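upload_10.txt (compact mmCIF, C-alpha atoms) appears below.
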# COMPACT_ATOMS: atom_id res chain seq x y z
CA MET A 1 -45.71 32.85 28.16
CA LYS A 2 -48.13 30.43 29.78
CA LYS A 3 -49.62 29.59 26.37
CA ILE A 4 -46.20 28.97 24.86
CA GLY A 5 -45.49 26.57 27.73
CA ALA A 6 -48.75 24.75 26.99
CA VAL A 7 -47.90 24.49 23.30
CA LEU A 8 -44.42 23.14 24.04
CA LEU A 9 -45.69 20.60 26.53
CA THR A 10 -48.39 19.44 24.10
CA LEU A 11 -45.78 19.12 21.34
CA LEU A 12 -43.58 17.07 23.64
CA ALA A 13 -46.48 14.77 24.54
CA CYS A 14 -47.38 14.38 20.84
CA LEU A 15 -43.76 13.58 19.94
CA VAL A 16 -43.64 10.91 22.65
CA MET A 17 -46.89 9.42 21.32
CA LEU A 18 -45.53 9.50 17.76
CA GLU A 19 -42.26 7.92 18.84
CA ILE A 20 -44.06 5.07 20.62
CA GLY A 21 -46.46 4.60 17.70
CA LEU A 22 -43.73 4.49 15.05
CA ARG A 23 -41.69 1.97 17.01
CA ALA A 24 -44.81 -0.13 17.65
CA ILE A 25 -45.40 -0.46 13.89
CA GLY A 26 -41.75 -1.32 13.28
CA ARG A 27 -40.49 2.02 12.01
CA GLY A 28 -37.43 2.42 14.17
CA PRO A 29 -34.71 5.05 13.82
CA THR A 30 -32.82 4.62 10.56
CA ASN A 31 -29.26 5.25 11.67
CA MET A 32 -28.96 2.26 13.92
CA ALA A 33 -25.55 1.15 12.70
CA ASP A 34 -22.22 2.88 12.89
CA GLY A 35 -20.89 4.89 9.99
CA THR A 36 -18.33 3.60 7.54
CA ALA A 37 -15.36 5.86 8.25
CA GLU A 38 -12.38 5.68 10.56
CA GLN A 39 -9.88 8.32 11.56
CA ASP A 40 -6.82 8.56 9.31
CA GLY A 41 -4.53 11.15 10.84
CA ASP A 42 -6.42 14.42 10.57
CA SER A 43 -8.47 12.99 7.69
CA PHE A 44 -10.64 9.90 7.29
CA ARG A 45 -10.81 6.71 5.31
CA LEU A 46 -13.10 3.69 5.15
CA LYS A 47 -13.16 0.98 7.78
CA LYS A 48 -11.58 -2.26 6.67
CA ASN A 49 -13.76 -5.32 6.05
CA SER A 50 -17.04 -3.60 6.77
CA THR A 51 -20.49 -3.91 5.28
CA LYS A 52 -23.16 -1.28 5.54
CA VAL A 53 -26.47 -0.66 3.86
CA ILE A 54 -26.46 3.03 3.01
CA LYS A 55 -29.97 4.49 3.08
CA TYR A 56 -30.37 8.03 1.85
CA PRO A 57 -33.45 9.88 0.65
CA ALA A 58 -32.10 9.59 -2.90
CA TYR A 59 -30.99 5.97 -3.01
CA THR A 60 -30.19 2.79 -1.10
CA TYR A 61 -27.18 0.60 -1.70
CA THR A 62 -24.82 -1.75 0.09
CA MET A 63 -21.19 -0.94 0.62
CA HIS A 64 -18.54 -3.57 1.31
CA THR A 65 -14.90 -2.79 1.98
CA ASN A 66 -12.04 -5.21 1.53
CA GLU A 67 -9.04 -5.89 3.77
CA PHE A 68 -7.45 -2.61 2.64
CA GLY A 69 -10.48 -0.48 3.43
CA PHE A 70 -11.45 0.10 -0.21
CA ARG A 71 -14.89 -0.37 -1.70
CA ASP A 72 -15.18 -3.81 -3.22
CA ARG A 73 -17.58 -6.54 -4.31
CA SER A 74 -17.38 -8.12 -0.85
CA THR A 75 -15.42 -7.98 2.36
CA GLY A 76 -12.29 -10.03 2.81
CA ARG A 77 -8.88 -10.64 1.40
CA ARG A 78 -7.70 -9.49 -2.02
CA ASP A 79 -4.93 -11.59 -3.46
CA LEU A 80 -2.88 -9.16 -5.49
CA ALA A 81 0.49 -10.90 -5.26
CA GLY A 82 2.07 -11.02 -8.70
CA LYS A 83 -1.10 -9.78 -10.39
CA PRO A 84 -1.30 -6.59 -12.44
CA PHE A 85 -4.00 -4.30 -11.18
CA TYR A 86 -5.67 -0.98 -11.88
CA ALA A 87 -6.11 1.50 -9.03
CA PHE A 88 -8.88 4.09 -9.40
CA LEU A 89 -8.45 7.43 -7.66
CA GLY A 90 -11.27 9.89 -7.17
CA ALA A 91 -14.13 10.90 -4.94
CA SER A 92 -17.76 9.88 -4.46
CA ASP A 93 -18.49 9.70 -8.19
CA VAL A 94 -15.71 7.12 -8.58
CA PHE A 95 -16.62 5.42 -5.30
CA GLY A 96 -20.04 4.81 -6.84
CA ASN A 97 -22.37 6.66 -4.51
CA GLY A 98 -25.89 5.38 -4.91
CA VAL A 99 -25.25 2.12 -6.74
CA GLU A 100 -24.11 -1.38 -5.83
CA TYR A 101 -20.42 -2.07 -6.48
CA GLU A 102 -21.24 -4.28 -9.45
CA ASP A 103 -23.29 -1.47 -10.97
CA SER A 104 -20.71 1.26 -10.38
CA PHE A 105 -18.53 2.14 -13.35
CA VAL A 106 -15.49 0.87 -11.49
CA GLY A 107 -17.30 -2.41 -10.80
CA ILE A 108 -18.37 -2.73 -14.44
CA PHE A 109 -14.81 -2.00 -15.55
CA ALA A 110 -13.49 -4.49 -12.96
CA ALA A 111 -15.70 -7.27 -14.33
CA GLU A 112 -14.26 -6.73 -17.82
CA ALA A 113 -10.70 -6.33 -16.53
CA LYS A 114 -11.00 -9.65 -14.70
CA LYS A 115 -11.61 -11.39 -18.02
CA LYS A 116 -8.31 -9.97 -19.25
CA GLY A 117 -6.40 -11.02 -16.15
CA TYR A 118 -6.39 -7.66 -14.37
CA GLU A 119 -7.49 -6.92 -10.85
CA VAL A 120 -9.06 -3.59 -9.92
CA LEU A 121 -8.91 -1.62 -6.69
CA ASN A 122 -11.19 1.33 -6.07
CA LEU A 123 -9.29 3.73 -3.80
CA ALA A 124 -11.92 6.46 -4.19
CA ILE A 125 -13.69 7.71 -1.09
CA GLY A 126 -16.58 10.17 -1.05
CA GLY A 127 -15.47 13.50 0.35
CA HIS A 128 -11.83 13.03 -0.58
CA PHE A 129 -9.86 15.51 -2.65
CA PHE A 130 -6.99 14.80 -5.05
CA LEU A 131 -4.41 15.08 -2.29
CA ASP A 132 -6.33 12.68 -0.05
CA GLY A 133 -6.46 10.15 -2.88
CA GLU A 134 -2.75 10.55 -3.56
CA ASP A 135 -2.05 10.06 0.13
CA ILE A 136 -4.20 6.89 0.24
CA LEU A 137 -2.35 5.48 -2.78
CA LYS A 138 1.10 6.21 -1.35
CA LYS A 139 0.17 4.72 2.03
CA PHE A 140 -1.24 1.64 0.33
CA ILE A 141 1.98 1.07 -1.65
CA LYS A 142 4.13 1.67 1.41
CA GLU A 143 2.10 -0.55 3.74
CA THR A 144 1.43 -3.46 1.40
CA GLY A 145 4.30 -3.34 -1.08
CA TYR A 146 1.79 -3.75 -3.94
CA LYS A 147 2.16 -1.35 -6.82
CA PRO A 148 -0.66 -0.89 -9.32
CA ALA A 149 0.23 -1.48 -12.95
CA THR A 150 -1.99 1.46 -13.86
CA VAL A 151 -3.45 4.31 -11.88
CA VAL A 152 -6.70 5.72 -13.26
CA PHE A 153 -6.84 9.29 -12.01
CA CYS A 154 -10.41 10.60 -12.26
CA ALA A 155 -10.92 14.35 -12.26
CA ASN A 156 -14.10 16.40 -12.28
CA ALA A 157 -15.06 20.07 -12.32
CA LEU A 158 -15.61 20.18 -8.58
CA HIS A 159 -12.16 18.92 -7.66
CA ILE A 160 -9.87 20.51 -10.21
CA PRO A 161 -10.47 24.04 -8.81
CA VAL A 162 -9.49 22.80 -5.33
CA PHE A 163 -6.64 20.55 -6.47
CA ASP A 164 -4.44 21.67 -3.56
CA ARG A 165 -7.04 21.07 -0.86
CA ARG A 166 -7.07 18.07 1.45
CA ASN A 167 -9.10 16.96 4.44
CA LYS A 168 -7.12 18.06 7.43
CA ASN A 169 -9.59 19.04 10.09
CA VAL A 170 -11.80 15.98 10.29
CA ILE A 171 -13.00 14.15 13.35
CA VAL A 172 -14.67 10.76 13.05
CA LYS A 173 -17.44 10.03 15.55
CA SER A 174 -19.38 6.77 15.51
CA GLY A 175 -17.94 6.06 12.08
CA TYR A 176 -19.07 9.39 10.61
CA PRO A 177 -16.56 12.02 9.47
CA MET A 178 -17.37 15.61 10.35
CA GLU A 179 -15.60 18.96 10.49
CA ARG A 180 -13.75 19.20 13.78
CA ASP A 181 -14.75 22.86 14.30
CA ASN A 182 -18.49 22.25 14.21
CA TRP A 183 -18.81 18.54 14.86
CA ARG A 184 -21.18 18.80 17.80
CA VAL A 185 -24.14 20.12 15.74
CA THR A 186 -23.61 17.43 13.11
CA TYR A 187 -23.20 14.80 15.81
CA VAL A 188 -26.46 15.84 17.51
CA ARG A 189 -28.30 15.42 14.16
CA LEU A 190 -26.66 12.06 13.78
CA LEU A 191 -27.61 11.02 17.30
CA ALA A 192 -31.17 12.25 16.74
CA GLY A 193 -31.36 9.99 13.69
CA ASN A 194 -29.91 7.18 15.76
CA VAL A 195 -32.35 7.37 18.63
CA SER A 196 -35.55 9.02 17.43
CA SER A 197 -38.09 7.54 15.04
CA ALA A 198 -40.03 10.80 15.21
CA PHE A 199 -36.98 12.79 14.04
CA CYS A 200 -36.51 10.41 11.10
CA PHE A 201 -40.22 10.59 10.31
CA PHE A 202 -40.22 14.38 9.99
CA ARG A 203 -36.86 14.52 8.22
CA ASP A 204 -37.89 11.94 5.64
CA GLY A 205 -41.35 13.40 5.15
CA ILE A 206 -40.00 16.88 4.49
CA ARG A 207 -37.44 15.47 2.01
CA ARG A 208 -40.18 13.63 0.15
CA ILE A 209 -42.36 16.74 -0.06
CA GLN A 210 -39.39 18.62 -1.48
CA GLU A 211 -38.80 15.86 -3.99
CA ARG A 212 -42.40 15.38 -5.04
CA TYR A 213 -43.92 18.82 -5.03
CA LEU A 214 -41.17 21.42 -5.03
CA ASP A 215 -39.15 20.10 -7.99
CA TYR A 216 -36.34 19.72 -5.54
CA GLU A 217 -33.32 18.04 -7.08
CA ALA A 218 -29.93 18.67 -5.58
CA ILE A 219 -29.24 18.42 -1.88
CA SER A 220 -26.71 20.42 0.10
CA LYS A 221 -24.82 23.31 -1.43
CA SER A 222 -23.87 21.59 -4.66
CA PRO A 223 -25.88 23.79 -7.10
CA PRO A 224 -24.07 27.04 -6.26
CA GLU A 225 -20.71 25.26 -6.06
CA PHE A 226 -21.47 23.48 -9.31
CA ILE A 227 -22.40 26.73 -11.02
CA ARG A 228 -19.31 28.50 -9.68
CA ALA A 229 -17.05 25.74 -10.95
CA TYR A 230 -17.96 26.62 -14.53
CA ALA A 231 -17.76 30.40 -14.16
CA LYS A 232 -15.22 32.06 -16.39
CA ALA A 233 -14.34 34.13 -13.32
CA ASN A 234 -13.39 31.02 -11.35
CA PRO A 235 -9.91 31.45 -9.83
CA ILE A 236 -8.75 28.19 -11.47
CA ARG A 237 -8.62 30.13 -14.76
CA ASP A 238 -5.97 32.44 -13.39
CA PRO A 239 -2.72 31.63 -15.27
CA GLU A 240 -0.73 31.30 -12.04
CA ARG A 241 -3.31 28.95 -10.55
CA LEU A 242 -3.32 26.88 -13.73
CA LYS A 243 0.46 26.71 -13.56
CA ASP A 244 0.17 25.39 -9.99
CA PHE A 245 -2.37 22.80 -11.14
CA GLU A 246 -0.05 21.67 -13.92
CA ALA A 247 2.77 21.45 -11.37
CA PHE A 248 0.59 19.33 -9.10
CA LEU A 249 -0.18 16.94 -11.95
CA ALA A 250 3.49 16.88 -12.97
CA GLY A 251 4.43 15.94 -9.40
CA PHE A 252 1.99 13.05 -9.38
CA GLU A 253 3.17 11.94 -12.81
CA ALA A 254 6.77 11.94 -11.56
CA PHE A 255 5.72 9.73 -8.64
CA CYS A 256 4.09 7.29 -11.05
CA ARG A 257 7.16 7.25 -13.31
CA GLU A 258 9.49 6.60 -10.37
CA ASN A 259 7.33 3.65 -9.35
CA ALA A 260 6.90 2.31 -12.88
CA ILE A 261 3.14 2.91 -12.73
CA ALA A 262 1.27 3.71 -15.92
CA LEU A 263 -1.06 6.67 -15.55
CA VAL A 264 -4.37 7.30 -17.26
CA TYR A 265 -6.46 10.40 -16.68
CA VAL A 266 -10.23 10.28 -16.82
CA HIS A 267 -12.32 13.42 -17.08
CA LEU A 268 -15.73 12.82 -15.52
CA PRO A 269 -18.24 15.53 -16.43
CA LEU A 270 -20.68 16.43 -13.69
CA SER A 271 -24.16 15.09 -14.40
CA ASP A 272 -25.62 18.58 -14.24
CA SER A 273 -23.07 20.02 -16.66
CA PHE A 274 -25.32 18.85 -19.49
CA LYS A 275 -28.08 21.14 -18.35
CA LEU A 276 -25.89 24.05 -17.35
CA ALA A 277 -27.49 26.37 -19.89
CA ASP A 278 -30.99 25.61 -18.57
CA MET A 279 -29.90 26.13 -14.99
CA LEU A 280 -28.25 29.43 -15.82
CA THR A 281 -31.40 30.59 -17.57
CA MET A 282 -33.42 29.68 -14.50
CA LEU A 283 -31.01 31.64 -12.33
CA GLY A 284 -31.10 34.62 -14.66
CA ALA A 285 -27.33 34.38 -15.22
CA ASP A 286 -25.55 35.18 -18.47
CA PRO A 287 -24.51 31.90 -20.20
CA ASP A 288 -21.56 33.74 -21.75
CA ASP A 289 -20.05 34.00 -18.27
CA TYR A 290 -19.85 30.20 -17.98
CA ASP A 291 -18.19 27.40 -19.87
CA ALA A 292 -19.05 23.74 -19.32
CA SER A 293 -16.26 22.48 -21.58
CA PHE A 294 -13.39 24.13 -19.70
CA TYR A 295 -12.31 21.20 -17.54
CA GLY A 296 -12.45 18.64 -20.32
CA ASP A 297 -10.40 20.95 -22.53
CA LEU A 298 -7.96 21.61 -19.68
CA MET A 299 -7.33 17.91 -19.07
CA ARG A 300 -7.08 17.25 -22.82
CA SER A 301 -4.47 19.94 -23.38
CA HIS A 302 -2.49 18.77 -20.34
CA CYS A 303 -2.51 15.16 -21.49
CA THR A 304 -1.44 16.18 -24.99
CA ARG A 305 1.51 18.12 -23.58
CA ALA A 306 2.43 15.38 -21.08
CA GLY A 307 1.98 12.58 -23.62
CA LEU A 308 -0.50 10.78 -21.37
CA PRO A 309 -3.79 9.11 -22.25
CA LEU A 310 -7.07 10.79 -21.39
CA VAL A 311 -10.43 9.04 -21.36
CA ASP A 312 -13.38 11.39 -21.49
CA PRO A 313 -16.89 9.89 -21.64
CA THR A 314 -18.47 13.34 -22.06
CA PRO A 315 -19.61 12.86 -25.70
CA VAL A 316 -21.37 9.55 -25.04
CA LEU A 317 -23.03 10.87 -21.88
CA GLN A 318 -24.03 14.03 -23.73
CA ALA A 319 -25.62 11.92 -26.46
CA HIS A 320 -27.66 9.96 -23.92
CA TYR A 321 -28.72 13.15 -22.17
CA ALA A 322 -29.75 14.69 -25.50
CA ALA A 323 -31.79 11.55 -26.18
CA GLY A 324 -33.73 12.20 -22.98
CA ARG A 325 -32.03 9.70 -20.67
CA GLU A 326 -31.74 10.69 -17.02
CA LEU A 327 -28.13 10.45 -15.86
CA ARG A 328 -28.47 11.32 -12.17
CA PHE A 329 -30.58 10.55 -9.13
CA LYS A 330 -33.49 12.90 -8.69
CA LEU A 331 -32.44 13.92 -5.19
CA ASP A 332 -28.71 13.68 -5.66
CA PRO A 333 -26.41 14.75 -8.49
CA HIS A 334 -24.35 11.54 -8.52
CA TYR A 335 -24.57 9.35 -11.60
CA ASN A 336 -27.38 6.81 -11.54
CA GLY A 337 -27.04 3.17 -12.51
CA PHE A 338 -27.57 3.87 -16.20
CA ALA A 339 -24.85 6.54 -16.38
CA ASN A 340 -22.48 4.33 -14.38
CA ARG A 341 -22.98 1.56 -16.90
CA VAL A 342 -22.32 3.92 -19.80
CA ILE A 343 -19.11 5.18 -18.18
CA GLY A 344 -17.95 1.71 -17.15
CA GLU A 345 -18.42 0.31 -20.64
CA TYR A 346 -16.75 3.35 -22.17
CA LEU A 347 -13.73 2.90 -19.90
CA ALA A 348 -13.58 -0.83 -20.60
CA GLU A 349 -13.60 -0.13 -24.31
CA ALA A 350 -10.99 2.60 -24.05
CA LEU A 351 -8.59 0.83 -21.68
CA LEU A 352 -9.22 -2.86 -22.30
CA GLY A 353 -10.68 -2.91 -25.76
CA ALA A 354 -13.70 -4.67 -24.30
CA LEU A 355 -17.28 -4.02 -25.27
CA PRO A 356 -19.63 -5.76 -22.84
CA GLY A 357 -23.22 -6.38 -23.81
CA SER A 358 -24.87 -6.21 -27.18
CA PRO A 359 -24.90 -2.99 -29.23
CA GLU A 360 -28.64 -2.72 -28.54
CA GLU A 361 -28.00 -2.82 -24.82
CA ARG A 362 -25.39 -0.14 -25.13
CA MET B 1 -51.72 17.47 42.23
CA ARG B 2 -54.24 15.92 39.85
CA SER B 3 -56.66 18.81 40.29
CA LYS B 4 -53.80 21.20 39.57
CA ILE B 5 -53.05 19.43 36.30
CA PHE B 6 -56.70 19.39 35.26
CA SER B 7 -57.04 23.03 36.12
CA TRP B 8 -53.90 23.85 34.06
CA ILE B 9 -55.33 21.89 31.14
CA ALA B 10 -58.67 23.68 31.45
CA ASP B 11 -56.90 27.05 31.53
CA ASN B 12 -54.92 26.22 28.36
CA LYS B 13 -57.53 24.19 26.54
CA MET B 14 -57.39 26.15 23.28
CA PRO B 15 -53.59 26.11 22.66
CA ILE B 16 -53.40 22.45 23.69
CA ILE B 17 -56.18 21.36 21.31
CA LEU B 18 -54.88 23.50 18.45
CA THR B 19 -51.31 22.20 18.87
CA PHE B 20 -52.56 18.63 19.12
CA GLU B 21 -54.69 18.95 15.99
CA ILE B 22 -52.05 20.71 13.89
CA PHE B 23 -49.39 18.21 14.95
CA TRP B 24 -51.41 15.15 13.99
CA ILE B 25 -52.68 16.69 10.73
CA LEU B 26 -49.01 17.34 9.85
CA VAL B 27 -48.11 13.77 10.79
CA PHE B 28 -50.96 12.46 8.65
CA VAL B 29 -49.88 14.54 5.63
CA LEU B 30 -46.22 13.57 5.98
CA ASP B 31 -47.14 9.93 6.40
CA ARG B 32 -49.19 10.00 3.19
CA VAL B 33 -46.31 11.57 1.32
CA THR B 34 -43.71 9.21 2.77
CA ASN B 35 -45.68 6.03 2.19
CA VAL B 36 -46.84 6.56 -1.40
CA ASN B 37 -44.47 4.59 -3.63
CA SER B 38 -41.65 4.83 -1.12
CA VAL B 39 -39.19 1.99 -1.24
CA ASP B 40 -36.28 3.19 0.80
CA VAL B 41 -35.73 4.65 4.21
CA PRO B 42 -33.55 7.73 4.18
CA GLN B 43 -30.53 8.13 6.35
CA PHE B 44 -28.26 10.89 7.42
CA VAL B 45 -26.26 12.21 4.50
CA TYR B 46 -22.62 12.69 5.20
CA VAL B 47 -20.82 12.12 1.96
CA ASN B 48 -21.23 14.12 -1.16
CA PHE B 49 -18.83 15.13 -3.86
Mind converting the file's structure to structure tokens?
Amino acid sequence: MKKIGAVLLTLLACLVMLEIGLRAIGRGPTNMADGTAEQDGDSFRLKKNSTKVIKYPAYTYTMHTNEFGFRDRSTGRRDLAGKPFYAFLGASDVFGNGVEYEDSFVGIFAAEAKKKGYEVLNLAIGGHFFLDGEDILKKFIKETGYKPATVVFCANALHIPVFDRRNKNVIVKSGYPMERDNWRVTYVRLLAGNVSSAFCFFRDGIRRIQERYLDYEAISKSPPEFIRAYAKANPIRDPERLKDFEAFLAGFEAFCRENAIALVYVHLPLSDSFKLADMLTMLGADPDDYDASFYGDLMRSHCTRAGLPLVDPTPVLQAHYAAGRELRFKLDPHYNGFANRVIGEYLAEALLGALPGSPEER
Amino acid sequence: MRSKIFSWIADNKMPIILTFEIFWILVFVLDRVTNVNSVDVPQFVYVNF
């Protein structure tokens, strides 16, 4: 017991020395600023007119929000009066996690749309589900009176199975959204990152070892969730569940029709879907129990029945992947800058008839 | 008071030295890993898909 006390006291003294040393050489805690979220009922949304440099182990980028609290090129006012505009709905992949706004596929599409006289709003927020996005859109229309000419509804394999889920138990502390039930543990980690250089030093060092030497790729629980999404046993394949999904889409389509909003669906394949077979082999799972094409096929058949356009960049991304191009960040499964550019140009071509850049660049 | 502290340190010399050495070796290793080719400073991850 006495020895354990000595070890703990020595550790404490070493941590204090490390803390002082790190600060002395200018390596302060990394989470000095507030987070980017604000409470929105029992959910969350982005703060309006805010700028934050997001620094993760996987990437660093700057996020600006406009007067409506949507990710944009810069903070400030957006003059939408009398102008047709596209509104993108989705989650972190549409938000553009990991890349600057201009390099996100929405930003690339927006640059091309501008040339054709269209504005673009990116209503996507990381961590949001379909219902959260729908809620954000309806609130935006109600509060501002602006109606998008076209809504671009982006769907992926992680969100279709949970189409009826929404954030409803979220608490925002210091600008960071967290589950209300267990927010204290998350908040302590956040505070530790806010106040302790030593905590950040160990956290970052361990992440880098994982990245460099352990072939560590995806963070959090995304690999198992990602694998489950493609399982043929996934509950979304149940006919009743599929009927509910169709009904959800039909409800949203009715809303768009009532408001004279054109609707375009986009199926965004997950970056790791292209190596599903390899991952299944590594896990010792039977590839016959999984199907990476299910969600693309599902959206295609729905759009055919509903008479609505679908844009699906899967083939072009697949071609790049087959040619050996990396589509994601090493430490995070979101699309990297290259994949964002491919998707943005594909969307511009499909929706605007625009083909930015030379063929060689594409 | 001071003699008490010195006596406590003398009594626990081995665990204190071992902890001290292991801690700073770990810091050295992590620092090497973090500094080689690192361009960004990580931050708390709160948003994913």
Spatial neighbours of Thr19 of chain B, max dist 10 Å, all atoms listed in the file, sep filter under 3 positions, as a PDB file with C-alpha atoms, in the coordinates of the input:
ATOM      1  CA  ALA A   6     -48.750  24.750  26.990  1.00  0.00           C
ATOM      2  CA  VAL A   7     -47.900  24.490  23.300  1.00  0.00           C
ATOM      3  CA  LEU A   8     -44.420  23.140  24.040  1.00  0.00           C
ATOM      4  CA  LEU A   9     -45.690  20.600  26.530  1.00  0.00           C
ATOM      5  CA  THR A  10     -48.390  19.440  24.100  1.00  0.00           C
ATOM      6  CA  LEU A  11     -45.780  19.120  21.340  1.00  0.00           C
ATOM      7  CA  CYS A  14     -47.380  14.380  20.840  1.00  0.00           C
TER       8      CYS A  14
ATOM      9  CA  MET B  14     -57.390  26.150  23.280  1.00  0.00           C
ATOM     10  CA  PRO B  15     -53.590  26.110  22.660  1.00  0.00           C
ATOM     11  CA  ILE B  16     -53.400  22.450  23.690  1.00  0.00           C
ATOM     12  CA  ILE B  22     -52.050  20.710  13.890  1.00  0.00           C
ATOM     13  CA  PHE B  23     -49.390  18.210  14.950  1.00  0.00           C
ATOM     14  CA  TRP B  24     -51.410  15.150  13.990  1.00  0.00           C
ATOM     15  CA  ILE B  25     -52.680  16.690  10.730  1.00  0.00           C
TER      16      ILE B  25
END
Of the candidates A:Ala155, A:Val264, A:Ala292, A:Ala319, which shows the shortest atom-to-atom distance to chain B, using all atoms listed in the file?
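Counting all atoms listed in the file, the residue closest to chain B is A:Ala155.
The interatomic distance for the pair atom CA of Arg71 of chain A and atom CA of Glu143 of chain A works out to 17.8 Å.
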Set the cut-off to 6 Å and count only C-alpha atoms: what are the residues of chain A that reach chain B? Output as a PDB file with C-alpha atoms, in the frame of the given file.
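Written out: part-v5.pdb:
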ATOM      1  CA  VAL A   7     -47.900  24.490  23.300  1.00  0.00           C
ATOM      2  CA  THR A  10     -48.390  19.440  24.100  1.00  0.00           C
ATOM      3  CA  THR A  30     -32.820   4.620  10.560  1.00  0.00           C
ATOM      4  CA  LYS A  55     -29.970   4.490   3.080  1.00  0.00           C
ATOM      5  CA  TYR A  56     -30.370   8.030   1.850  1.00  0.00           C
ATOM      6  CA  PRO A  57     -33.450   9.880   0.650  1.00  0.00           C
ATOM      7  CA  SER A  92     -17.760   9.880  -4.460  1.00  0.00           C
ATOM      8  CA  GLY A 126     -16.580  10.170  -1.050  1.00  0.00           C
ATOM      9  CA  GLY A 127     -15.470  13.500   0.350  1.00  0.00           C
ATOM     10  CA  GLY A 205     -41.350  13.400   5.150  1.00  0.00           C
TER      11      GLY A 205
END
Could you list, as a ChimeraX atom specification, every residue within 7 Å of Asn156 of chain A, counting all atoms listed in the file and ignoring same-chain residues fewer than 5 positions away?
/A:267-270
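Each of A:Leu317, A:Tyr118, A:Ile206, A:Tyr187 was compared to Ile171 of chain A using only C-alpha atoms, and A:Tyr187 turns out to be the nearest.
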So the first atom is atom CA of Arg257 of chain A and the second is atom CA of Tyr86 of chain A; what is the distance between them in Å, to one decimal place?
15.3 Å
Excluding same-chain residues fewer than 6 positions from Arg45 of chain A, what lies within 8 Å of it counting all atoms listed in the file, as JSON, numbers by chain?
{"A": [37, 38, 39, 69, 125]}
Quote the spacing between atom CA of Ala348 of chain A and atom CA of Ala113 of chain A in Å to one decimal place.
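Computing it gives 7.4 Å between the two atoms.
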May I have the residues within 8 Å of segment 274-276 of chain A as a PyMOL selection string, using only C-alpha atoms and disregarding those fewer than 2 positions away in the same chain?
chain A and resi 227+270-272+278-280+292+318+321
Which residue is closest to Phe294 of chain A? Choose from A:Gly344, A:Gly175, A:Pro161, A:Gly117 and count only C-alpha atoms.
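Checking each candidate against Phe294 of chain A, we get A:Pro161 as the closest.
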Distance criterion (all atoms listed in the file): nearest to Asp72 of chain A out of A:Val53, A:Ala306, A:Ala157, A:Leu121
A:Leu121
Near segment 83-85 of chain A, counting all atoms listed in the file, which residues have an atom at most 10 Å away, once you skip same-chain residues fewer than 3 positions from it, shown as a ChimeraX atom specification?
/A:79-80,88,110,113-114,117-121,146-151
For Gly353 of chain A, the nearest of the candidates A:Arg203, A:Lys115, A:His302, A:Lys173, counting only C-alpha atoms:
A:Lys115
Have segment 254-266 of chain A completed to N, CA and C atoms, please, and pass it along as a compact mmCIF listing (two decimals), in the coordinates of the input.
# COMPACT_ATOMS: atom_id res chain seq x y z
N ALA A 254 5.40 12.32 -11.89
CA ALA A 254 6.77 11.94 -11.56
C ALA A 254 6.77 10.77 -10.57
N PHE A 255 5.84 10.83 -9.60
CA PHE A 255 5.72 9.73 -8.64
C PHE A 255 5.39 8.42 -9.36
N CYS A 256 4.47 8.49 -10.31
CA CYS A 256 4.09 7.29 -11.05
C CYS A 256 5.27 6.77 -11.87
N ARG A 257 5.99 7.67 -12.51
CA ARG A 257 7.16 7.25 -13.31
C ARG A 257 8.19 6.55 -12.43
N GLU A 258 8.48 7.17 -11.27
CA GLU A 258 9.49 6.60 -10.37
C GLU A 258 9.10 5.20 -9.91
N ASN A 259 7.80 4.96 -9.83
CA ASN A 259 7.33 3.65 -9.35
C ASN A 259 6.88 2.73 -10.48
N ALA A 260 7.23 3.11 -11.69
CA ALA A 260 6.90 2.31 -12.88
C ALA A 260 5.40 2.02 -12.97
N ILE A 261 4.60 3.04 -12.67
CA ILE A 261 3.14 2.91 -12.73
C ILE A 261 2.64 3.68 -13.95
N ALA A 262 1.88 3.01 -14.79
CA ALA A 262 1.27 3.71 -15.92
C ALA A 262 0.14 4.60 -15.39
N LEU A 263 -0.05 5.72 -16.03
CA LEU A 263 -1.06 6.67 -15.55
C LEU A 263 -2.05 7.00 -16.66
N VAL A 264 -3.31 6.92 -16.32
CA VAL A 264 -4.37 7.30 -17.26
C VAL A 264 -5.25 8.32 -16.56
N TYR A 265 -5.53 9.42 -17.23
CA TYR A 265 -6.46 10.40 -16.68
C TYR A 265 -7.86 10.14 -17.25
N VAL A 266 -8.83 10.36 -16.38
CA VAL A 266 -10.23 10.28 -16.82
C VAL A 266 -10.90 11.60 -16.44
